[in-house]
file work.txt (compact mmCIF, C-alpha atoms and all ligand atoms)
# COMPACT_ATOMS: atom_id res chain seq x y z
CA MET A 18 6.98 -3.96 -11.17
CA LEU A 19 3.74 -5.88 -10.84
CA ALA A 20 1.71 -7.56 -13.56
CA VAL A 21 -1.49 -9.30 -12.55
CA LYS A 22 -3.27 -11.11 -15.36
CA ASP A 23 -6.69 -12.76 -15.39
CA LEU A 24 -6.62 -13.28 -11.65
CA THR A 25 -9.56 -15.13 -10.13
CA VAL A 26 -9.93 -15.49 -6.37
CA ALA A 27 -12.93 -17.14 -4.72
CA PHE A 28 -13.93 -18.30 -1.27
CA GLY A 29 -16.23 -21.25 -1.89
CA SER A 30 -18.95 -19.97 -4.20
CA ASN A 31 -18.11 -16.32 -3.41
CA VAL A 32 -16.05 -15.14 -6.39
CA VAL A 33 -14.34 -11.95 -5.18
CA LEU A 34 -12.02 -11.27 -8.14
CA ASP A 35 -12.87 -12.50 -11.63
CA LYS A 36 -10.15 -12.36 -14.29
CA LEU A 37 -8.69 -9.17 -12.89
CA THR A 38 -5.79 -7.58 -14.77
CA LEU A 39 -3.59 -4.81 -13.37
CA ASP A 40 -0.11 -3.44 -14.02
CA VAL A 41 1.98 -1.26 -11.73
CA TYR A 42 4.90 0.59 -13.30
CA ARG A 43 8.32 1.44 -11.90
CA GLY A 44 8.47 4.64 -9.89
CA GLU A 45 4.76 5.34 -9.81
CA ILE A 46 2.35 5.79 -6.93
CA LEU A 47 -0.72 3.80 -7.86
CA GLY A 48 -3.87 4.48 -5.85
CA PHE A 49 -6.22 1.53 -5.67
CA VAL A 50 -9.83 2.29 -4.79
CA GLY A 51 -13.17 0.56 -4.72
CA ALA A 52 -16.28 0.30 -2.60
CA SER A 53 -15.99 -1.42 0.76
CA GLY A 54 -15.93 -5.20 0.46
CA THR A 55 -15.05 -5.29 -3.25
CA GLY A 56 -11.79 -7.16 -2.68
CA LYS A 57 -8.99 -4.59 -2.40
CA SER A 58 -7.43 -6.35 0.57
CA VAL A 59 -8.02 -9.75 -1.03
CA LEU A 60 -6.05 -8.61 -4.11
CA MET A 61 -3.18 -7.27 -2.03
CA ARG A 62 -3.07 -10.42 0.11
CA THR A 63 -3.21 -12.66 -2.97
CA VAL A 64 -0.37 -10.76 -4.63
CA LEU A 65 1.64 -11.20 -1.42
CA ARG A 66 0.85 -14.94 -1.45
CA LEU A 67 -1.11 -14.75 1.79
CA LEU A 68 -4.21 -16.05 -0.01
CA PRO A 69 -4.50 -18.72 -2.70
CA ARG A 70 -5.91 -17.98 -6.14
CA GLN A 71 -8.06 -20.06 -8.46
CA SER A 72 -6.38 -18.96 -11.67
CA GLY A 73 -4.38 -16.21 -13.34
CA SER A 74 -0.77 -15.15 -13.17
CA ILE A 75 1.10 -12.73 -10.94
CA ARG A 76 4.49 -11.40 -12.02
CA ILE A 77 6.22 -9.35 -9.41
CA LEU A 78 9.52 -7.57 -10.03
CA GLY A 79 9.76 -9.50 -13.28
CA ALA A 80 9.40 -12.96 -11.76
CA GLU A 81 6.50 -15.34 -11.46
CA TYR A 82 6.28 -15.70 -7.73
CA ASP A 83 5.12 -19.28 -7.60
CA LYS A 84 7.47 -20.51 -10.31
CA VAL A 85 10.73 -19.36 -8.72
CA SER A 86 12.99 -21.39 -6.45
CA GLU A 87 12.79 -20.96 -2.68
CA GLU A 88 16.04 -19.01 -2.76
CA GLU A 89 14.75 -16.60 -5.42
CA ARG A 90 11.48 -16.21 -3.52
CA VAL A 91 13.31 -15.12 -0.39
CA ALA A 92 15.32 -12.66 -2.49
CA LEU A 93 12.07 -11.31 -3.97
CA ASP A 94 10.47 -10.98 -0.54
CA THR A 95 13.29 -8.75 0.62
CA ARG A 96 12.48 -6.35 -2.22
CA LEU A 97 8.87 -5.91 -1.06
CA GLY A 98 7.66 -3.77 1.83
CA VAL A 99 4.19 -3.94 3.32
CA LEU A 100 2.27 -1.58 5.55
CA PHE A 101 -0.87 -3.37 6.69
CA GLN A 102 -4.04 -1.56 7.63
CA HIS A 103 -3.84 -0.17 11.21
CA GLY A 104 -0.05 -0.48 11.19
CA ALA A 105 0.00 -4.03 12.58
CA LEU A 106 3.04 -3.45 14.75
CA PHE A 107 3.94 -6.07 17.35
CA SER A 108 2.63 -4.58 20.58
CA ALA A 109 5.22 -6.28 22.80
CA LEU A 110 8.13 -4.87 20.78
CA THR A 111 9.48 -1.33 20.73
CA VAL A 112 9.54 0.66 17.49
CA LYS A 113 13.21 -0.20 17.00
CA GLU A 114 12.57 -3.89 17.61
CA ASN A 115 9.60 -3.84 15.23
CA ILE A 116 11.76 -2.38 12.48
CA GLN A 117 14.35 -5.06 13.15
CA VAL A 118 11.90 -7.96 12.72
CA PRO A 119 12.40 -8.22 8.94
CA MET A 120 16.14 -7.64 9.36
CA ARG A 121 16.35 -10.59 11.75
CA GLU A 122 14.28 -12.74 9.41
CA TYR A 123 16.15 -12.01 6.20
CA LEU A 124 19.57 -10.57 6.98
CA ASP A 125 22.53 -11.71 9.00
CA LEU A 126 23.66 -8.53 10.70
CA SER A 127 25.18 -7.70 14.07
CA GLN A 128 22.91 -6.10 16.68
CA GLU A 129 24.92 -2.91 16.42
CA MET A 130 24.41 -2.74 12.67
CA MET A 131 20.68 -3.40 13.04
CA ASP A 132 20.44 -0.67 15.68
CA ASP A 133 22.14 1.81 13.34
CA LEU A 134 19.91 0.79 10.45
CA ALA A 135 16.74 1.05 12.55
CA MET A 136 17.70 4.57 13.67
CA LEU A 137 18.26 5.49 10.03
CA LYS A 138 14.77 4.27 9.09
CA ILE A 139 13.28 6.11 12.06
CA ALA A 140 14.84 9.36 10.82
CA LEU A 141 13.78 8.61 7.25
CA VAL A 142 10.08 8.51 8.17
CA GLY A 143 10.31 11.69 10.24
CA LEU A 144 10.17 10.18 13.74
CA LYS A 145 12.32 11.55 16.54
CA PRO A 146 15.10 9.26 17.85
CA GLU A 147 13.24 8.98 21.20
CA ALA A 148 10.48 7.06 19.41
CA ALA A 149 12.88 4.12 18.97
CA ASP A 150 12.38 2.74 22.46
CA ARG A 151 8.66 3.38 22.72
CA TYR A 152 6.02 0.66 22.50
CA PRO A 153 3.14 1.00 20.00
CA SER A 154 0.69 1.74 22.85
CA GLU A 155 2.77 4.84 23.66
CA LEU A 156 2.50 6.26 20.12
CA SER A 157 -0.09 8.47 18.43
CA GLY A 158 -1.91 7.19 15.33
CA GLY A 159 0.37 9.19 13.05
CA MET A 160 3.48 7.87 14.79
CA ILE A 161 2.22 4.29 14.45
CA LYS A 162 1.79 4.77 10.70
CA ARG A 163 5.30 6.19 10.43
CA ALA A 164 6.76 3.37 12.52
CA ALA A 165 4.94 0.82 10.37
CA LEU A 166 6.30 2.55 7.26
CA ALA A 167 9.81 2.40 8.74
CA ARG A 168 9.34 -1.35 9.21
CA ALA A 169 8.08 -1.67 5.63
CA LEU A 170 11.26 0.09 4.49
CA ALA A 171 13.55 -1.98 6.72
CA LEU A 172 15.05 -3.98 3.86
CA ASP A 173 15.23 -1.12 1.32
CA PRO A 174 12.40 -2.51 -0.84
CA ASP A 175 11.74 -1.58 -4.47
CA LEU A 176 7.97 -2.00 -4.23
CA VAL A 177 5.85 -1.10 -1.21
CA PHE A 178 2.24 -2.03 -0.55
CA LEU A 179 0.34 0.37 1.68
CA ASP A 180 -3.13 -0.63 2.88
CA GLU A 181 -5.08 2.52 3.75
CA PRO A 182 -2.01 4.32 5.12
CA THR A 183 -3.84 7.54 6.02
CA SER A 184 -6.99 6.04 7.54
CA GLY A 185 -7.53 7.25 11.08
CA LEU A 186 -5.26 10.28 10.67
CA ASP A 187 -6.53 13.84 10.89
CA PRO A 188 -6.36 15.79 7.60
CA ILE A 189 -3.08 17.48 8.48
CA GLY A 190 -1.49 14.22 9.61
CA ALA A 191 -2.79 12.53 6.45
CA ALA A 192 -1.40 15.31 4.23
CA GLU A 193 1.99 15.04 5.95
CA PHE A 194 1.98 11.29 5.47
CA ASP A 195 1.14 11.69 1.78
CA ASP A 196 4.02 14.17 1.41
CA LEU A 197 6.33 11.68 3.09
CA ILE A 198 5.32 8.92 0.69
CA ALA A 199 5.87 11.19 -2.31
CA LYS A 200 9.25 12.28 -0.92
CA LEU A 201 10.35 8.69 -0.36
CA ARG A 202 9.28 7.74 -3.85
CA ASP A 203 11.33 10.60 -5.25
CA THR A 204 14.43 10.03 -3.12
CA LEU A 205 14.49 6.23 -2.88
CA GLY A 206 12.97 5.50 -6.28
CA LEU A 207 10.20 3.44 -4.69
CA THR A 208 7.19 2.12 -6.50
CA VAL A 209 4.09 2.45 -4.35
CA TYR A 210 0.87 0.46 -4.48
CA MET A 211 -1.56 2.18 -2.16
CA VAL A 212 -5.05 1.00 -1.24
CA THR A 213 -6.90 4.08 -0.08
CA HIS A 214 -10.27 5.65 0.54
CA ASP A 215 -8.65 9.03 0.98
CA LEU A 216 -9.70 11.33 -1.85
CA ASP A 217 -7.05 13.85 -0.88
CA SER A 218 -4.34 11.21 -1.34
CA LEU A 219 -5.76 10.25 -4.72
CA PHE A 220 -5.79 13.81 -5.92
CA SER A 221 -2.50 14.94 -4.44
CA VAL A 222 0.06 12.10 -4.63
CA CYS A 223 -1.19 9.32 -6.88
CA ASP A 224 0.17 9.27 -10.43
CA ARG A 225 -2.41 6.75 -11.48
CA ILE A 226 -5.57 5.31 -10.05
CA ALA A 227 -7.19 1.92 -10.53
CA VAL A 228 -10.79 1.35 -9.54
CA LEU A 229 -11.98 -2.08 -8.45
CA GLY A 230 -15.59 -2.87 -9.37
CA LYS A 231 -17.56 -5.75 -10.80
CA LYS A 232 -14.79 -8.07 -9.54
CA ARG A 233 -12.12 -6.54 -11.78
CA VAL A 234 -10.35 -3.27 -12.58
CA LEU A 235 -13.14 -1.13 -13.98
CA VAL A 236 -10.92 1.73 -15.05
CA GLU A 237 -7.31 2.81 -14.56
CA GLY A 238 -5.63 6.08 -15.38
CA THR A 239 -5.27 9.64 -14.19
CA ILE A 240 -7.78 11.70 -12.25
CA ASP A 241 -8.98 13.10 -15.58
CA ASP A 242 -9.61 9.56 -16.83
CA MET A 243 -11.66 8.91 -13.69
CA LEU A 244 -13.69 12.08 -14.16
CA ALA A 245 -14.41 11.14 -17.76
CA PHE A 246 -15.34 7.52 -17.08
CA ASP A 247 -18.99 6.72 -17.48
CA ASP A 248 -19.89 4.56 -14.49
CA PRO A 249 -22.29 5.52 -11.67
CA TRP A 250 -19.98 4.46 -8.82
CA VAL A 251 -16.89 6.10 -10.35
CA GLN A 252 -18.85 9.26 -11.09
CA SER A 253 -20.34 9.54 -7.62
CA TYR A 254 -16.96 8.77 -6.02
CA PHE A 255 -14.90 11.25 -8.02
CA ARG A 256 -17.60 13.84 -8.57
CA GLY A 257 -19.52 13.43 -5.32
CA LYS A 258 -19.90 16.11 -2.69
CA ARG A 259 -16.65 15.25 -0.92
CA ALA A 260 -14.64 15.08 -4.14
CA ARG A 261 -16.12 18.26 -5.57
CA SER A 262 -14.50 20.47 -2.97
CA ILE A 263 -11.12 19.04 -3.98
CA VAL A 264 -11.66 18.97 -7.73
CA ARG A 265 -13.14 22.43 -7.98
CA ASP A 266 -10.63 24.94 -9.31
CA GLU A 267 -7.74 22.66 -8.52
CA THR A 268 -5.37 20.52 -10.45
CA PRO A 269 -3.80 17.31 -9.14
CA GLY A 270 -0.87 18.10 -6.86
CA GLU A 271 -2.45 21.24 -5.48
CA ALA A 272 -5.31 19.58 -3.70
CA ARG A 273 -4.27 20.34 -0.16
CA GLN A 274 -2.38 23.57 -0.65
N1 LIG B 1 -10.21 -15.13 4.28
C1 LIG B 1 -11.44 -14.95 3.73
N2 LIG B 1 -12.34 -15.94 3.70
C2 LIG B 1 -13.55 -15.78 3.12
N3 LIG B 1 -13.98 -14.62 2.57
C3 LIG B 1 -13.13 -13.59 2.60
C4 LIG B 1 -11.81 -13.69 3.18
N4 LIG B 1 -11.20 -12.49 3.04
C5 LIG B 1 -12.08 -11.67 2.42
N5 LIG B 1 -13.24 -12.32 2.16
C6 LIG B 1 -14.39 -11.76 1.44
O1 LIG B 1 -13.91 -11.11 0.29
C7 LIG B 1 -14.66 -9.93 0.02
C8 LIG B 1 -13.75 -8.74 -0.16
O2 LIG B 1 -13.12 -8.40 1.07
P1 LIG B 1 -11.96 -7.32 1.20
O3 LIG B 1 -11.57 -7.29 2.66
O4 LIG B 1 -10.89 -7.60 0.23
O5 LIG B 1 -12.69 -5.98 0.80
P2 LIG B 1 -12.08 -4.51 0.73
O6 LIG B 1 -12.36 -4.01 -0.63
O7 LIG B 1 -10.65 -4.54 1.16
O8 LIG B 1 -12.99 -3.75 1.79
P3 LIG B 1 -12.67 -2.49 2.77
O9 LIG B 1 -12.54 -1.29 1.87
O10 LIG B 1 -13.88 -2.43 3.61
O11 LIG B 1 -11.41 -2.82 3.54
C9 LIG B 1 -15.67 -9.79 1.17
O12 LIG B 1 -16.90 -10.31 0.71
C10 LIG B 1 -15.08 -10.67 2.24
O13 LIG B 1 -16.11 -11.20 3.05
call {"tool": "encode", "arguments": {"input": "work.txt", "output": "structure tokens"}}
result
Amino acid sequence: MLAVKDLTVAFGSNVVLDKLTLDVYRGEILGFVGASGTGKSVLMRTVLRLLPRQSGSIRILGAEYDKVSEEERVALDTRLGVLFQHGALFSALTVKENIQVPMREYLDLSQEMMDDLAMLKIALVGLKPEAADRYPSELSGGMIKRAALARALALDPDLVFLDEPTSGLDPIGAAEFDDLIAKLRDTLGLTVYMVTHDLDSLFSVCDRIAVLGKKRVLVEGTIDDMLAFDDPWVQSYFRGKRARSIVRDETPGEARQ
């Protein structure tokens, strides 16, 4: 679904990513981790063409983004969903209107059809119908994340990018959100690329994990691969005090039960 090869991104003399290579496979939930400031957001923004790159190739859904025609690029964009950090909903628009923003941009549908579709997405992410006419300022943190997810799903994407989707949620809200993502992957056949600092998410819903360090992907694989990888940051992250309470006596998938 995504193949990044030898990607280099720099801001002036600050090289953030240096020949980074990463693949994301169909139907998986990939958790992307790394210390703060290592370039997780830069990678996601570069893949989404919001930032320029120095070199390297990015194939997304089988196509090289910057080699396709404008028409094909628009078609590709409709197959991608993005949930930015903090939700990034338009504050002057209601939930329903926020969800309809991508529909207005990419589809030619009647208002009635868009209203029906928005209500469908609202139900899909577990929000009550009343949430449709609320403004972001009237929503809880968990509701904002769900509304932002509904917007990311507005065009029925194949691949969704989630930037720290559970940050700011309490553990129960975060666990529910993780369950929702897993359920949507199973029912809609989504592929999920998730930047996260949430160890619970990594242990409970991610099929694979990639760790960003030293300007590239240091290691990728399962939780067991992480635990076996000989690197001080990876070891302290996955075997540190916070991780130990999750790892101890538990297998992936049972972390929060
Ligand atoms: N538009 C930009 N212009 C210049 N430098 C940038 C820009 N965006 C990011 N950077 C730099 O790139 C580096 C990586 O930033 P990035 O936001 O990707 O880190 P991150 O891994 O997502 O961190 P966090 O986990 O804290 O969100 C930082 O040194 C940052 O200052």
call {"tool": "atom_distance", "arguments": {"input": "work.txt", "atom1": "atom CA of Leu19 of chain A", "atom2": "atom CA of Glu87 of chain A"}}
result
19.4 Å
call {"tool": "residues_around", "arguments": {"input": "work.txt", "residues": "segment 176-187 of chain A", "least_positions_apart": "3", "cutoff": "9 Å", "atoms": "all atoms listed in the file", "output": "JSON, numbers by chain"}}
result
{"A": [18, 19, 43, 44, 57, 58, 61, 78, 96, 97, 98, 99, 100, 101, 102, 103, 104, 158, 159, 162, 166, 169, 170, 190, 191, 192, 194, 195, 207, 208, 209, 210, 211, 212, 213, 214, 215, 218]}
call {"tool": "closest_residue", "arguments": {"input": "work.txt", "among": "A:Thr55, A:Thr25, A:Thr95, A:Ser86", "to": "ligand LIG 1 (chain B)", "atoms": "all atoms listed in the file"}}
result
A:Thr55
call {"tool": "closest_residue", "arguments": {"input": "work.txt", "among": "A:Leu229, A:Ile198, A:Met243, A:Leu156", "to": "ligand LIG 1 (chain B)", "atoms": "all atoms listed in the file"}}
result
A:Leu229
call {"tool": "residues_near_ligand", "arguments": {"input": "work.txt", "ligand": "ligand LIG 1 (chain B)", "cutoff": "8 Å", "atoms": "only C-alpha atoms and all ligand atoms", "output": "list of chain:residue names"}}
result
A:Ala27, A:Phe28, A:Gly29, A:Asn31, A:Val33, A:Val50, A:Gly51, A:Ala52, A:Ser53, A:Gly54, A:Thr55, A:Gly56, A:Lys57, A:Ser58, A:Val59, A:Leu60, A:Leu68, A:His214
call {"tool": "closest_residue", "arguments": {"input": "work.txt", "among": "A:Met160, A:Ile46, A:Asp133, A:Val32", "to": "Phe220 of chain A", "atoms": "all atoms listed in the file"}}
result
A:Ile46
call {"tool": "atom_distance", "arguments": {"input": "work.txt", "atom1": "atom CA of Leu197 of chain A", "atom2": "atom CA of Leu216 of chain A"}}
result
16.8 Å
call {"tool": "residues_around", "arguments": {"input": "work.txt", "residues": "segment 107-114 of chain A", "least_positions_apart": "2", "cutoff": "6 Å", "atoms": "only C-alpha atoms", "output": "mmCIF file with C-alpha atoms, keeping the file's coordinate frame"}}
result
data_model
loop_
_atom_site.group_PDB
_atom_site.id
_atom_site.type_symbol
_atom_site.label_atom_id
_atom_site.label_comp_id
_atom_site.auth_asym_id
_atom_site.auth_seq_id
_atom_site.Cartn_x
_atom_site.Cartn_y
_atom_site.Cartn_z
ATOM 1 C CA ILE A 116 11.760 -2.380 12.480
ATOM 2 C CA GLN A 117 14.350 -5.060 13.150
ATOM 3 C CA ALA A 135 16.740 1.050 12.550
ATOM 4 C CA ALA A 149 12.880 4.120 18.970
ATOM 5 C CA ASP A 150 12.380 2.740 22.460
ATOM 6 C CA ARG A 151 8.660 3.380 22.720
ATOM 7 C CA TYR A 152 6.020 0.660 22.500
ATOM 8 C CA PRO A 153 3.140 1.000 20.000
#
call {"tool": "atom_distance", "arguments": {"input": "work.txt", "atom1": "atom CA of Val222 of chain A", "atom2": "atom CA of Ala199 of chain A"}}
result
6.3 Å
call {"tool": "closest_residue", "arguments": {"input": "work.txt", "among": "A:Ala164, A:Met131, A:Val91, A:Cys223", "to": "Lys145 of chain A", "atoms": "all atoms listed in the file"}}
result
A:Ala164
call {"tool": "closest_residue", "arguments": {"input": "work.txt", "among": "A:Leu235, A:Met136, A:Leu93, A:Val85", "to": "Asp248 of chain A", "atoms": "only C-alpha atoms"}}
result
A:Leu235
call {"tool": "closest_residue", "arguments": {"input": "work.txt", "among": "A:Leu39, A:Ala148, A:Ala167, A:Ile189", "to": "Leu134 of chain A", "atoms": "all atoms listed in the file"}}
result
A:Ala167
call {"tool": "axis_aligned_box", "arguments": {"input": "work.txt", "around": "segment 95-110 of chain A", "padding_each_side": "5 Å", "output": "lines of an AutoDock Vina configuration file"}}
result
center_x = 4.6
center_y = -4.5
center_z = 10.3
size_x = 27.3
size_y = 18.6
size_z = 35.0
call {"tool": "residues_near_point", "arguments": {"input": "work.txt", "point": "(5.5, -10.2, -4.5)", "cutoff": "7 Å", "atoms": "all atoms listed in the file", "output": "list in words"}}
result
Val64, Leu65, Ile77, Tyr82, Leu93, Asp94 and Leu97 of chain A
